[in-house]
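Visitor: Coordinates in target_14.cif, mmCIF, C-alpha atoms and all ligand atoms; chains and numbers go by the auth columns, are listed below.
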```
data_query
loop_
_atom_site.group_PDB
_atom_site.id
_atom_site.type_symbol
_atom_site.label_atom_id
_atom_site.label_comp_id
_atom_site.label_asym_id
_atom_site.label_seq_id
_atom_site.Cartn_x
_atom_site.Cartn_y
_atom_site.Cartn_z
_atom_site.B_iso_or_equiv
_atom_site.auth_seq_id
_atom_site.auth_asym_id
ATOM 1 C CA MET A 1 105.302 81.521 96.294 0.00 254 K
ATOM 2 C CA GLU A 2 104.313 83.652 93.260 0.00 255 K
ATOM 3 C CA PRO A 3 102.998 87.119 94.157 0.00 256 K
ATOM 4 C CA THR A 4 99.236 86.871 94.444 0.00 257 K
ATOM 5 C CA LEU A 5 96.625 89.522 93.816 0.00 258 K
ATOM 6 C CA PHE A 6 96.649 90.260 97.548 0.00 259 K
ATOM 7 C CA SER A 7 100.452 90.676 97.661 0.00 260 K
ATOM 8 C CA LYS A 8 100.010 93.240 94.888 0.00 261 K
ATOM 9 C CA ILE A 9 97.382 95.039 96.974 0.00 262 K
ATOM 10 C CA ILE A 10 99.813 95.057 99.943 0.00 263 K
ATOM 11 C CA ASP A 11 102.514 96.501 97.661 0.00 264 K
ATOM 12 C CA ARG A 12 100.060 99.078 96.230 0.00 265 K
ATOM 13 C CA GLU A 13 100.549 97.676 92.713 0.00 266 K
ATOM 14 C CA ILE A 14 96.781 97.102 92.638 0.00 267 K
ATOM 15 C CA LEU A 15 94.477 99.637 94.266 0.00 268 K
ATOM 16 C CA ALA A 16 92.023 98.642 96.967 0.00 269 K
ATOM 17 C CA ASP A 17 89.790 100.490 99.382 0.00 270 K
ATOM 18 C CA ILE A 18 91.916 99.961 102.508 0.00 271 K
ATOM 19 C CA VAL A 19 90.100 100.287 105.829 0.00 272 K
ATOM 20 C CA TYR A 20 92.823 99.191 108.269 0.00 273 K
ATOM 21 C CA GLU A 21 96.562 98.571 108.233 0.00 274 K
ATOM 22 C CA ASP A 22 99.280 97.779 110.758 0.00 275 K
ATOM 23 C CA ASP A 23 102.703 96.142 110.521 0.00 276 K
ATOM 24 C CA GLU A 24 101.271 92.655 110.095 0.00 277 K
ATOM 25 C CA VAL A 25 97.732 92.981 108.762 0.00 278 K
ATOM 26 C CA LEU A 26 95.846 94.761 105.969 0.00 279 K
ATOM 27 C CA ALA A 27 92.060 95.045 105.626 0.00 280 K
ATOM 28 C CA PHE A 28 90.185 96.295 102.570 0.00 281 K
ATOM 29 C CA ASN A 29 86.697 96.206 101.107 0.00 282 K
ATOM 30 C CA ASP A 30 85.874 93.213 98.916 0.00 283 K
ATOM 31 C CA ILE A 31 85.422 94.211 95.271 0.00 284 K
ATOM 32 C CA ASP A 32 82.271 92.055 95.021 0.00 285 K
ATOM 33 C CA PRO A 33 80.538 92.483 98.399 0.00 286 K
ATOM 34 C CA LYS A 34 78.199 89.752 99.661 0.00 287 K
ATOM 35 C CA ALA A 35 76.828 91.880 102.525 0.00 288 K
ATOM 36 C CA PRO A 36 76.468 95.621 103.265 0.00 289 K
ATOM 37 C CA THR A 37 79.923 95.357 104.867 0.00 290 K
ATOM 38 C CA HIS A 38 82.312 92.835 103.329 0.00 291 K
ATOM 39 C CA ILE A 39 85.932 93.332 104.333 0.00 292 K
ATOM 40 C CA LEU A 40 88.888 91.063 103.613 0.00 293 K
ATOM 41 C CA ILE A 41 91.471 90.861 106.398 0.00 294 K
ATOM 42 C CA ILE A 42 94.814 89.473 105.318 0.00 295 K
ATOM 43 C CA PRO A 43 98.241 88.895 106.852 0.00 296 K
ATOM 44 C CA LYS A 44 101.031 90.767 105.090 0.00 297 K
ATOM 45 C CA LYS A 45 102.994 87.515 105.265 0.00 298 K
ATOM 46 C CA PRO A 46 101.955 85.438 102.254 0.00 299 K
ATOM 47 C CA ILE A 47 100.503 82.114 103.420 0.00 300 K
ATOM 48 C CA ALA A 48 98.748 80.243 100.611 0.00 301 K
ATOM 49 C CA THR A 49 96.056 78.307 102.482 0.00 302 K
ATOM 50 C CA LEU A 50 94.900 77.492 106.006 0.00 303 K
ATOM 51 C CA ASN A 51 96.796 74.213 105.590 0.00 304 K
ATOM 52 C CA ASP A 52 100.075 76.144 105.344 0.00 305 K
ATOM 53 C CA ILE A 53 99.816 77.881 108.728 0.00 306 K
ATOM 54 C CA GLU A 54 102.743 76.994 110.972 0.00 307 K
ATOM 55 C CA GLU A 55 103.059 77.153 114.729 0.00 308 K
ATOM 56 C CA GLY A 56 105.012 80.403 114.444 0.00 309 K
ATOM 57 C CA ASP A 57 102.002 82.003 112.719 0.00 310 K
ATOM 58 C CA LEU A 58 99.528 81.476 115.555 0.00 311 K
ATOM 59 C CA ALA A 59 99.752 85.021 116.933 0.00 312 K
ATOM 60 C CA LEU A 60 99.301 86.373 113.403 0.00 313 K
ATOM 61 C CA ILE A 61 96.147 84.308 112.885 0.00 314 K
ATOM 62 C CA GLY A 62 94.824 85.590 116.210 0.00 315 K
ATOM 63 C CA ARG A 63 95.519 89.110 114.996 0.00 316 K
ATOM 64 C CA LEU A 64 93.276 88.522 111.958 0.00 317 K
ATOM 65 C CA GLN A 65 90.398 87.535 114.239 0.00 318 K
ATOM 66 C CA TYR A 66 91.132 90.388 116.640 0.00 319 K
ATOM 67 C CA THR A 67 91.099 92.839 113.715 0.00 320 K
ATOM 68 C CA ALA A 68 87.757 91.463 112.509 0.00 321 K
ATOM 69 C CA ALA A 69 86.169 92.038 115.925 0.00 322 K
ATOM 70 C CA LYS A 70 87.743 95.496 116.220 0.00 323 K
ATOM 71 C CA LEU A 71 86.376 96.531 112.816 0.00 324 K
ATOM 72 C CA ALA A 72 82.932 95.086 113.622 0.00 325 K
ATOM 73 C CA LYS A 73 82.859 97.199 116.808 0.00 326 K
ATOM 74 C CA GLU A 74 84.016 100.320 115.007 0.00 327 K
ATOM 75 C CA LEU A 75 81.467 99.823 112.225 0.00 328 K
ATOM 76 C CA GLY A 76 78.682 99.323 114.768 0.00 329 K
ATOM 77 C CA PHE A 77 77.461 95.774 114.096 0.00 330 K
ATOM 78 C CA ALA A 78 79.467 93.826 116.687 0.00 331 K
ATOM 79 C CA GLU A 79 76.583 93.518 119.158 0.00 332 K
ATOM 80 C CA GLU A 80 73.978 92.734 116.491 0.00 333 K
ATOM 81 C CA GLY A 81 76.269 90.042 115.059 0.00 334 K
ATOM 82 C CA TYR A 82 78.326 89.239 112.021 0.00 335 K
ATOM 83 C CA ARG A 83 80.144 86.416 110.303 0.00 336 K
ATOM 84 C CA VAL A 84 83.793 85.643 109.616 0.00 337 K
ATOM 85 C CA VAL A 85 84.691 83.075 106.971 0.00 338 K
ATOM 86 C CA MET A 86 87.960 81.609 105.763 0.00 339 K
ATOM 87 C CA ASN A 87 87.694 79.439 102.667 0.00 340 K
ATOM 88 C CA CYS A 88 90.282 76.707 102.114 0.00 341 K
ATOM 89 C CA ASN A 89 91.181 75.243 98.725 0.00 342 K
ATOM 90 C CA GLU A 90 88.889 74.546 95.813 0.00 343 K
ATOM 91 C CA ALA A 91 86.014 72.727 97.488 0.00 344 K
ATOM 92 C CA GLY A 92 86.036 75.335 100.248 0.00 345 K
ATOM 93 C CA GLY A 93 85.532 78.109 97.699 0.00 346 K
ATOM 94 C CA GLN A 94 89.010 79.689 97.912 0.00 347 K
ATOM 95 C CA SER A 95 89.908 81.693 94.806 0.00 348 K
ATOM 96 C CA VAL A 96 92.914 83.742 95.986 0.00 349 K
ATOM 97 C CA TYR A 97 95.781 81.706 97.427 0.00 350 K
ATOM 98 C CA HIS A 98 96.863 84.133 100.129 0.00 351 K
ATOM 99 C CA ILE A 99 94.855 83.436 103.283 0.00 352 K
ATOM 100 C CA HIS A 100 92.159 85.958 104.102 0.00 353 K
ATOM 101 C CA MET A 101 89.323 86.337 106.545 0.00 354 K
ATOM 102 C CA HIS A 102 86.005 87.591 105.157 0.00 355 K
ATOM 103 C CA LEU A 103 84.205 89.903 107.610 0.00 356 K
ATOM 104 C CA LEU A 104 80.517 90.083 106.657 0.00 357 K
ATOM 105 C CA GLY A 105 78.103 92.344 108.479 0.00 358 K
ATOM 106 C CA GLY A 106 75.067 94.549 108.181 0.00 359 K
ATOM 107 C CA ARG A 107 72.510 91.877 107.381 0.00 360 K
ATOM 108 C CA ARG A 108 71.138 88.655 108.912 0.00 361 K
ATOM 109 C CA MET A 109 73.226 85.635 107.843 0.00 362 K
ATOM 110 C CA GLN A 110 71.780 82.315 106.741 0.00 363 K
ATOM 111 C CA TRP A 111 72.798 78.880 108.015 0.00 364 K
ATOM 112 C CA PRO A 112 73.921 76.536 106.569 0.00 365 K
ATOM 113 C CA PRO A 113 76.068 78.592 104.185 0.00 366 K
ATOM 114 C CA GLY A 114 76.002 77.649 100.509 0.00 367 K
HETATM 115 P P1 LIG B . 87.941 83.631 98.295 0.00 401 K
HETATM 116 O O1 LIG B . 86.984 83.252 97.204 0.00 401 K
HETATM 117 O O2 LIG B . 89.369 83.262 97.931 0.00 401 K
HETATM 118 O O3 LIG B . 87.566 83.156 99.666 0.00 401 K
HETATM 119 O O4 LIG B . 87.866 85.214 98.393 0.00 401 K
HETATM 120 C C1 LIG B . 88.520 86.059 97.507 0.00 401 K
HETATM 121 C C2 LIG B . 87.795 87.367 97.534 0.00 401 K
HETATM 122 O O5 LIG B . 88.590 88.331 96.874 0.00 401 K
HETATM 123 C C3 LIG B . 86.441 87.359 96.815 0.00 401 K
HETATM 124 O O6 LIG B . 85.403 87.667 97.737 0.00 401 K
HETATM 125 C C4 LIG B . 86.603 88.396 95.734 0.00 401 K
HETATM 126 O O7 LIG B . 85.432 89.167 95.515 0.00 401 K
HETATM 127 C C5 LIG B . 87.736 89.249 96.242 0.00 401 K
HETATM 128 N N1 LIG B . 88.513 89.901 95.193 0.00 401 K
HETATM 129 C C6 LIG B . 88.937 89.347 94.027 0.00 401 K
HETATM 130 N N2 LIG B . 89.632 90.247 93.309 0.00 401 K
HETATM 131 C C7 LIG B . 89.666 91.389 94.047 0.00 401 K
HETATM 132 C C8 LIG B . 90.265 92.678 93.833 0.00 401 K
HETATM 133 O O8 LIG B . 90.922 92.958 92.827 0.00 401 K
HETATM 134 N N3 LIG B . 90.075 93.602 94.812 0.00 401 K
HETATM 135 C C9 LIG B . 89.360 93.341 95.952 0.00 401 K
HETATM 136 N N4 LIG B . 89.225 94.332 96.837 0.00 401 K
HETATM 137 N N5 LIG B . 88.795 92.129 96.190 0.00 401 K
HETATM 138 C C10 LIG B . 88.953 91.163 95.243 0.00 401 K
#
```
Can you present the structure in this file as structure tokens?
Ligand code: 5GP

Guide:
Amino acid sequence: MEPTLFSKIIDREILADIVYEDDEVLAFNDIDPKAPTHILIIPKKPIATLNDIEEGDLALIGRLQYTAAKLAKELGFAEEGYRVVMNCNEAGGQSVYHIHMHLLGGRRMQWPPG
């Protein structure tokens, strides 16, 4: 898989406003926020789309969700509520082909999403 924009952020070739990092996961503020808090949570392992997740990745995917909830608690909007979104492929609105979880908080969300 070609290095994506997010691999370059992991490798510090492209700067991002990093809010959390561990051995497996990186989280940084979205450059074009759609809510007062809009964080992207990504695995360091490059996986192109949700369709490419393998059974061996299940703990890693759980870690993305766990990190989202941890950040929501730390940032103070966990109880009020928030949204996590993962877009898949073109019709799903995916633009960077390295899976990522959007954590959106700090405002009331609409349903259905656009
Ligand atoms: P997708 O559309 O693939 O679900 O989400 C990709 C996200 O990456 C978008 O919300 C977009 O604003 C964000 N993004 C694109 N380029 C950059 C960048 O260079 N830095 C950061 N921090 N976010 C980016």

Visitor: Considering only C-alpha atoms, state which residue in the set K:Ile300, K:Ile271, K:Ala312, K:Val278 is at the smallest distance from K:Val349.

Guide: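 Of all the options, K:Ile300 lies closest to K:Val349.
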
Visitor: I would like the residues chosen by the PyMOL selection byres (((chain K and resi 360) around 10) and not hetatm) on the shown file; could you give them as a count of residues only?

Guide: 15

Visitor: Residues at most 10 Å from ligand LIG 401 (chain K), using all atoms listed in the file? Could they come as number ranges by chain?

Guide: K: 258-259, 261-262, 267-271, 280-287, 291-293, 302, 338-343, 345-355

Visitor: Could you state the separation of atom CA of K:Val272 and atom CA of K:Tyr319 in Å, given to one decimal place?

Guide: 14.7 Å

Visitor: Quick one: pull the distance between atom CA of K:Leu356 and atom CA of K:Pro256, Å, one decimal.

Guide: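 Interatomic distance here is 23.3 Å.
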
Visitor: Do you have the atom CA of K:Ala322-atom CA of K:Val337 distance handy?

Guide: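 Straight-line distance from atom CA of K:Ala322 to atom CA of K:Val337 works out to 9.3 Å.
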
Visitor: Can you turn the PyMOL selection byres (((chain K and resi 276) around 12) and not hetatm) into a concrete residue list for this file, as a PyMOL selection string?

Guide: chain K and resi 263+273-275+277-280+295-298+313+316

Visitor: Would you place a box with edges along x, y and z of the file around all atoms of stretch 339-356 of chain K listed there, add 6 Å to each of its six sides, and report the centre and edge lengths in Å to one decimal, as JSON?

Guide:
```
{"center_x": 90.5, "center_y": 81.3, "center_z": 101.2, "size_x": 24.7, "size_y": 29.2, "size_z": 24.8}
```

Visitor: Nearest to K:Leu317 among K:Pro365, K:Asn304, K:Ile294, K:Glu332, with distances taken over only C-alpha atoms: which residue is it?

Guide: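 Nearest candidate to K:Leu317 out of K:Pro365, K:Asn304, K:Ile294, K:Glu332: K:Ile294.
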